[in-house]
Amino acid sequence: MKELAKTYNPKDTENAIYQKWEASGFFNPDNLEKASDRFWNAEVFSIAMPPPNITAVLHLGSALFLTIEDIMTRYARMSGKKTLWLPGTDHAAIATNSVVERQIWEQEKKSLHDIGREEFLRRVEEFISQTRGRIQVQIRAMGSSCDWSREKYTFSPELSVAVRTIFKKFYDAGLIYRGERIVNWCPHDGTTLADDEVEYRPTQGQLYYIRYHLTQGKGVLTVATTRPETMLGDTALAVHPQDPRYKQYVGQHVMLPIVNRELPVVADEEVDREFGSGVLKVTPGHDPHDFEIGKRHNLETINLFTPEGKINEQEAYDHGFEEFANLTAPEARAKIVQALTEAGFLEKTESLTHNVGVCYRCENIVEPIVSKQWFVDVNKKIKLNRDKFQSLLKLPAEASLREIGTASVKSGAIKIIPERFGKIYLQWMDNLHDWNISRQIWFGHRIPVWYCDNCGETIVAVDAPQTCSSCGKNQLTQDPDTLDTWFSSSLWTFSTLGWPKETVDLMTYHPTTILETGYDILFFWVARMILMTGFALEDIPFHTVYLHGLVRDLKGKKMSKSKGNVVNPLDMIEKYGTDALRLSLILGTTPGNDSKTSETKIQNYRNFVNKLWNISRFILSSSSDEKTWPGPAAPDPQTLADQWILSQLDILTAKVRSSLDAYQYSLAGELLETFTWTDLADWYVEVSKVEKGKGTILKYLLGELLKLWHPFIPFVTEQLWSQFSPEFLMIQPYPQAQTAKNTKELGEKFLKLQQLISGLRNLRAEYHQPPAPIFASYLELLPQFEWLKEQTALIEKLARVKLNLEAVDATKKMPYFLWENQRVYLIMPNFDPDKELMLAEKELKITEILRKKFAAQLNKKDFASKAPAEVVATLQRNFAEAEERAKKLKTKLESLR
RNA sequence: GGUCACUUAGCUCAGUUGGUUAGAGCGUCUGCUUUACACGCAGAAGGUCGCUGGUUCAAAUCCAGCAGUGACCACCA
């Protein structure tokens with residue numbers, strides 16, 4: 001066996017270990033059966049990895065999800081489940097599109113139109129071929145035990161078939177339609193966005209009050225607006241039907257200032273009487289509400305802006321505002337405001353903070369425009385064919401996508417962790433509108449719809465048709481739009497398993513066991529997966545959703561390059577090792593809550609990993625016997641310490657398992673950390689230096705501990721395990737707690753021993769004695785502490801005393817402390833009565849507070865009768881002890897004064 | 001406006017059905033080349049659990065109100 005280095009150096013081992021794991025084939029569940037028969041007919045565990053963007057670089061958020069999912073996966077695998085963690089990447093249509101577009105602009109000063117669609121897509125492929133693989137390397141660096149043989153990519157030919165297939169299925173069921181709607185338009189990215197892809201930012205703006213004069217008579221209606229330029233597209237004014245101020249004007253007409261176009265005044269419930277003047281200018285082409293009002297009152301829609309965000313020239317000529325043609329919105333606004341002011345139409349302005357919608361990707365202001373787009377209808381009822389699904393979700397024979405989405409969670413079929421996100425999910429489902437799925441960017445899944453140039457027929461097909469199904473001509477043009485990225489990623493749990501083919505994988509691993517992802521994409525992704533799977537398979541995509549929080553910096557800020565607060569996980573791996581990084585992301589965090597991290601935290605866990613390394617180094621080098629693992633059965637304990645540590649391990653095993661089963665990874669890690677550092681290293685390893693012949697027990701403890709730790713810190717544990725076993729740690733059975741053990745009494749005895757040793761150490765430290773000298777100590781042996789006799793050697797060595805289990809002549813003044821209400825003397829030079837006095841007073845103060853507290857509680861009315869007997873008994877005992885202790889401390893004080 | 005969180009030691013956070021003296025790590029202070037580890041060892045200090053009420057024999061924990069912080073959703077003419 002090689003000597004282990006004094007400090008653990010992750011760089012020397014991590015890559016090699018990962019390669020061994022990968023070569024072993026055990027990431028692939030098909031191979032597990034060959035490794036051990038305990039995987040035969042085993043329960044299945046599957047996770048679909050949330051696919052990172054193909055262009056992505058690993059950040060702490062991805063490091064976090066990779067760690068959590070790897071813990072889940074490794075724990076399941078070691079527990080004997082047939083475990084699949086399926087990795088992959090997302091083509092990230094908009095993100096990739098804009099990265100490449102920007103690159104081309106920066107390098108060649110060419111726009112998309114300069115280079116054309118085909119050439120652009122070629123460039124995207126070229127770009128991806130360069131970046132592809134980078135993210136895979138980084139996923140490996142995190143130690144992720146995912147099955148690379150099943151790796152998928154949302155834009156691969158197979159997954160594209162799944163996308164087109166489901167599009168057609170939706171279309172045939174009448175759930176996908178094309179319609180003219182008001183949609184969110186990002187002039188920067190040149191595409192529409194789904195409602196939840198628009199973010200709202202509070203913005204300081206002006207509220208302009210504009211006068212509209214009646215065409216008949218003398219009245220004036222004043223309208224308040226933040227977007228005066230949109231008045232060019234006004235086709236009516238609206239008031240609330242019950243508003244007494246304006247009732248009389250309904251049905252009359254006003255003159256649109258500057259443009260001089262006649263507009264009707266209509267009554268509509270939608271108008272908020274409280275806002276501004278209570279009169280609303282209706283611009284159906286530029287506001288979702290106005291669009292609806294326009295439909296209700298048959299108003300004309302003026303398409304005010306071009307896709308580039310400029311005033312539409314054609315509409316300007318058609319509707320009499322050609323002087324504004326081709327101006328951008330801000331230019332138009334300035335010109336309008338000036339014209340209004342000069343002509344006396346502007347009554348006043350007020351400043352106002354309002355929310356402005358911006359694109360979630362590029363943060364540019366989103367313009368609502370009217371456009372012909374593809375939508376998924378979320379409210380149309382479809383017939384459900386699978387009884388099992390219907391009864392699982394407690395749904396009637398017909399249900400809409402929205403109802404499926406709601407029922408999936410409400411019925412308990414899908415469990416969301418933490419629970420509070422279930423409510424948020426349901427609220428979102430309640431507000432769900434039809435989903436705009438068409439995008440005007442070039443990179444992405446092309447909408448599988450063709451139009452016949454001859455007869456205008458619309459053909460929806462999985463594979464490109466050669467001829468028109470209606471007229472038979474072969475002049476067909478495909479719809480130019482592409483699909484929303486989330487459309488393809490919402491198929492992820494089943495498209496990755498071979499759907500639409502009925503594969504063995506699909507039957508084996510779907511529905512997946514758990515979906516682990518960030519709460520920030522609950523709507524974008526999780527909700528849509530539920531809708532898509534509900535329709536396509538009439539099934540749920542997963543049984544459980546585990547949501548993690550965002551990783552922030554120490555000040556709680558989101559990490560971003562511009563803020564300069566980014567912690568790069570690859571740098572951290574380089575400096576401290578993957579295991580340390582993993583621990584820093586898991587410990588001290590809870591599901592669904594944001595966590596803060598810092599380099600110091602990672603450094604601390606590097607220290608811990610090194611501690612584990614050194615414990616192992618001690619264990620493996622201190623025993624001269626064979627460096628083999630003694631096997632899974634616990635060795636027989638010889639001493640109190642043996643009994644104690646073995647029972648502690650047992651308790652630990654049970655708690656770690658139950659924590660992992662409850663997704664409490666932080667708790668499990670903390671339990672392991674305390675056991676490793678405090679119980680094992682600080683106590684038992686020290687004990688083993690006194691009580692010899694513990695080689696077998698130590699190795700057993702180490703072996704079990706490495707197994708328990710493995711899902712958290714796979715590299716260092718595998719490396720250490722390889723020191724005494726030729727097998728892989730990653731497929732060892734996860735430890736089971738032995739049940740029938742009388743652990744409580746053992747625990748208490750050893751705890752008393754620890755208190756005695758700590759008491760001695762404490763007294764010594766209070767007297768500022770160097771740790772080296774050995775002092776005599778006296779403790780009268782009472783019958784109930786007979787067992788102390790056997791522990792003398794331990795006490796003497798660990799507290800550095802010569803222990804005399806006999807009474808001492810107490811007439812001489814010497815330092816003592818109370819242990820189990822017994823005096824324990826420590827004979828040190830320089831007895832200091834003042835110091836003793838101070839120590840005793842301090843302790844008495846604490847004891848008195850306790851004593852009074854216990855007494856008060858005991859004397860409370862109804863306590864004895866209402867509290868459980870056990871609680872009462874414990875309290876009585878504690879009170880008696882505190883009283884006794886206080887009495888003894890008082891005696892001590894008197895003797896010192 | 002609606003919903004949901006959070007507020008515990010100087011800092012970062014645990015605290016799982018209410019029950020002995022509220023925990024951990026870092027940081028701070030004291031002392032240590034104790035032969036696995038200074039990425040270490042021993043010891044110590046530090047908290048009226050945001051505030052005010054209520055329920056209960058018993059509240060950090062349950063309820064109500066208030067204050068502060070944050071998130072999400074809707075609206076924002």
# chains A, B, ... in the order shown; residues from 1 in each chain; ligands from 1
$ residues_around --residues "A60 in chain B" --least-positions-apart "3" --cutoff "10 Å" --atoms "only C-alpha atoms (C1' of nucleotides)" --output "PDB file with all heavy atoms, in the first residue's frame"
ATOM      1  P     U B   8     -31.953  37.067  12.720  1.00  0.00           P
ATOM      2  OP1   U B   8     -31.142  38.142  13.321  1.00  0.00           O
ATOM      3  OP2   U B   8     -31.467  36.342  11.543  1.00  0.00           O
ATOM      4  O5'   U B   8     -32.300  36.016  13.847  1.00  0.00           O
ATOM      5  C5'   U B   8     -32.628  36.456  15.154  1.00  0.00           C
ATOM      6  C4'   U B   8     -32.256  35.400  16.150  1.00  0.00           C
ATOM      7  O4'   U B   8     -32.961  34.160  15.840  1.00  0.00           O
ATOM      8  C3'   U B   8     -30.803  34.970  16.115  1.00  0.00           C
ATOM      9  O3'   U B   8     -29.969  35.886  16.813  1.00  0.00           O
ATOM     10  C2'   U B   8     -30.878  33.616  16.786  1.00  0.00           C
ATOM     11  O2'   U B   8     -31.094  33.743  18.174  1.00  0.00           O
ATOM     12  C1'   U B   8     -32.139  33.052  16.145  1.00  0.00           C
ATOM     13  N1    U B   8     -31.854  32.309  14.900  1.00  0.00           N
ATOM     14  C2    U B   8     -31.406  31.006  15.022  1.00  0.00           C
ATOM     15  O2    U B   8     -31.243  30.458  16.081  1.00  0.00           O
ATOM     16  N3    U B   8     -31.153  30.368  13.822  1.00  0.00           N
ATOM     17  C4    U B   8     -31.292  30.887  12.567  1.00  0.00           C
ATOM     18  O4    U B   8     -31.021  30.184  11.608  1.00  0.00           O
ATOM     19  C5    U B   8     -31.755  32.244  12.529  1.00  0.00           C
ATOM     20  C6    U B   8     -32.018  32.890  13.668  1.00  0.00           C
ATOM     21  P     G B  15     -33.956  23.862   9.713  1.00  0.00           P
ATOM     22  OP1   G B  15     -34.523  22.761   8.911  1.00  0.00           O
ATOM     23  OP2   G B  15     -34.363  25.254   9.451  1.00  0.00           O
ATOM     24  O5'   G B  15     -34.205  23.572  11.254  1.00  0.00           O
ATOM     25  C5'   G B  15     -33.862  22.306  11.805  1.00  0.00           C
ATOM     26  C4'   G B  15     -33.894  22.386  13.300  1.00  0.00           C
ATOM     27  O4'   G B  15     -32.927  23.374  13.757  1.00  0.00           O
ATOM     28  C3'   G B  15     -35.208  22.870  13.908  1.00  0.00           C
ATOM     29  O3'   G B  15     -36.164  21.836  13.985  1.00  0.00           O
ATOM     30  C2'   G B  15     -34.748  23.359  15.269  1.00  0.00           C
ATOM     31  O2'   G B  15     -34.518  22.291  16.156  1.00  0.00           O
ATOM     32  C1'   G B  15     -33.415  24.019  14.910  1.00  0.00           C
ATOM     33  N9    G B  15     -33.618  25.442  14.625  1.00  0.00           N
ATOM     34  C8    G B  15     -33.683  26.046  13.398  1.00  0.00           C
ATOM     35  N7    G B  15     -33.901  27.331  13.472  1.00  0.00           N
ATOM     36  C5    G B  15     -33.970  27.594  14.828  1.00  0.00           C
ATOM     37  C6    G B  15     -34.192  28.797  15.530  1.00  0.00           C
ATOM     38  O6    G B  15     -34.370  29.931  15.061  1.00  0.00           O
ATOM     39  N1    G B  15     -34.206  28.607  16.904  1.00  0.00           N
ATOM     40  C2    G B  15     -34.028  27.416  17.532  1.00  0.00           C
ATOM     41  N2    G B  15     -34.084  27.437  18.861  1.00  0.00           N
ATOM     42  N3    G B  15     -33.820  26.280  16.891  1.00  0.00           N
ATOM     43  C4    G B  15     -33.806  26.439  15.557  1.00  0.00           C
ATOM     44  P     A B  22     -30.951  27.205  26.988  1.00  0.00           P
ATOM     45  OP1   A B  22     -30.246  28.483  27.104  1.00  0.00           O
ATOM     46  OP2   A B  22     -32.433  27.169  27.042  1.00  0.00           O
ATOM     47  O5'   A B  22     -30.481  26.515  25.634  1.00  0.00           O
ATOM     48  C5'   A B  22     -31.178  25.401  25.092  1.00  0.00           C
ATOM     49  C4'   A B  22     -31.195  25.494  23.594  1.00  0.00           C
ATOM     50  O4'   A B  22     -32.049  26.581  23.192  1.00  0.00           O
ATOM     51  C3'   A B  22     -29.844  25.831  22.971  1.00  0.00           C
ATOM     52  O3'   A B  22     -29.124  24.642  22.764  1.00  0.00           O
ATOM     53  C2'   A B  22     -30.235  26.493  21.659  1.00  0.00           C
ATOM     54  O2'   A B  22     -30.505  25.525  20.665  1.00  0.00           O
ATOM     55  C1'   A B  22     -31.531  27.193  22.026  1.00  0.00           C
ATOM     56  N9    A B  22     -31.371  28.619  22.301  1.00  0.00           N
ATOM     57  C8    A B  22     -31.232  29.248  23.500  1.00  0.00           C
ATOM     58  N7    A B  22     -31.150  30.553  23.417  1.00  0.00           N
ATOM     59  C5    A B  22     -31.234  30.806  22.058  1.00  0.00           C
ATOM     60  C6    A B  22     -31.210  31.987  21.314  1.00  0.00           C
ATOM     61  N6    A B  22     -31.095  33.194  21.854  1.00  0.00           N
ATOM     62  N1    A B  22     -31.322  31.883  19.970  1.00  0.00           N
ATOM     63  C2    A B  22     -31.442  30.666  19.421  1.00  0.00           C
ATOM     64  N3    A B  22     -31.479  29.479  20.024  1.00  0.00           N
ATOM     65  C4    A B  22     -31.374  29.622  21.353  1.00  0.00           C
ATOM     66  P     C B  49     -35.581  35.883  23.264  1.00  0.00           P
ATOM     67  OP1   C B  49     -36.413  37.084  23.114  1.00  0.00           O
ATOM     68  OP2   C B  49     -36.219  34.612  23.579  1.00  0.00           O
ATOM     69  O5'   C B  49     -34.715  35.675  21.952  1.00  0.00           O
ATOM     70  C5'   C B  49     -34.772  36.600  20.864  1.00  0.00           C
ATOM     71  C4'   C B  49     -34.594  35.825  19.589  1.00  0.00           C
ATOM     72  O4'   C B  49     -34.024  34.534  19.899  1.00  0.00           O
ATOM     73  C3'   C B  49     -35.888  35.562  18.834  1.00  0.00           C
ATOM     74  O3'   C B  49     -35.671  35.884  17.479  1.00  0.00           O
ATOM     75  C2'   C B  49     -36.159  34.085  19.034  1.00  0.00           C
ATOM     76  O2'   C B  49     -36.709  33.503  17.888  1.00  0.00           O
ATOM     77  C1'   C B  49     -34.757  33.525  19.261  1.00  0.00           C
ATOM     78  N1    C B  49     -34.727  32.318  20.102  1.00  0.00           N
ATOM     79  C2    C B  49     -34.536  31.082  19.468  1.00  0.00           C
ATOM     80  O2    C B  49     -34.407  31.060  18.224  1.00  0.00           O
ATOM     81  N3    C B  49     -34.492  29.970  20.217  1.00  0.00           N
ATOM     82  C4    C B  49     -34.619  30.043  21.527  1.00  0.00           C
ATOM     83  N4    C B  49     -34.548  28.917  22.221  1.00  0.00           N
ATOM     84  C5    C B  49     -34.819  31.278  22.203  1.00  0.00           C
ATOM     85  C6    C B  49     -34.864  32.380  21.452  1.00  0.00           C
TER      86        C B  49
END
$ interface_residues --of "chain A" --to "chain B" --cutoff "8 Å" --atoms "only C-alpha atoms (C1' of nucleotides)" --output "ChimeraX atom specification"
/A:6-7,224-226,275-276,280-281,354-355,420,424,427-428,554,588-589,596,601,604,606-608,610-611,614-619,667,670,761-762,765-766,768-772,850,860-867,871,874-875,878
$ residues_around --residues "Asp114 in chain A" --least-positions-apart "5" --cutoff "12 Å" --atoms "only C-alpha atoms (C1' of nucleotides)" --output "MDAnalysis selection string"
chainID A and resid 101 104:105 108:109 119:120
$ write_last_selection --atoms "N, CA, C and O atoms" --output "CSV table (one decimal), in the first residue's frame"
chain,number,residue,atom,x,y,z
A,101,GLU,N,-25.5,36.0,-33.1
A,101,GLU,CA,-25.8,37.2,-33.8
A,101,GLU,C,-24.9,38.4,-33.4
A,101,GLU,O,-24.3,39.1,-34.2
A,104,ILE,N,-21.3,37.8,-34.8
A,104,ILE,CA,-21.2,38.1,-36.2
A,104,ILE,C,-21.1,39.6,-36.4
A,104,ILE,O,-20.3,40.1,-37.1
A,105,TRP,N,-21.9,40.3,-35.6
A,105,TRP,CA,-21.9,41.8,-35.7
A,105,TRP,C,-20.6,42.3,-35.2
A,105,TRP,O,-20.0,43.2,-35.9
A,108,GLU,N,-17.8,41.0,-37.9
A,108,GLU,CA,-17.9,41.3,-39.3
A,108,GLU,C,-18.8,42.5,-39.6
A,108,GLU,O,-19.0,42.9,-40.8
A,109,LYS,N,-19.4,43.1,-38.6
A,109,LYS,CA,-20.3,44.2,-38.8
A,109,LYS,C,-21.4,43.8,-39.8
A,109,LYS,O,-21.8,44.6,-40.6
A,119,GLU,N,-27.1,30.7,-44.0
A,119,GLU,CA,-25.7,30.9,-43.6
A,119,GLU,C,-25.7,31.1,-42.0
A,119,GLU,O,-24.8,30.6,-41.4
A,120,PHE,N,-26.7,31.8,-41.5
A,120,PHE,CA,-26.7,32.0,-40.1
A,120,PHE,C,-26.8,30.7,-39.3
A,120,PHE,O,-26.0,30.5,-38.3
$ atom_distance --atom1 "CA of Gly577 in chain A" --atom2 "CA of Ser24 in chain A"
22.6 Å
$ atom_distance --atom1 "CA of Lys310 in chain A" --atom2 "CA of Ile369 in chain A"
11.8 Å
$ residues_around --residues "Asn298 in chain A" --least-positions-apart "6" --cutoff "12 Å" --atoms "only C-alpha atoms (C1' of nucleotides)" --output "list in words"
Thr235, Ala236, Pro264, Val266, Val282, Pro284, Asp290, Phe291 and Glu292 of chain A
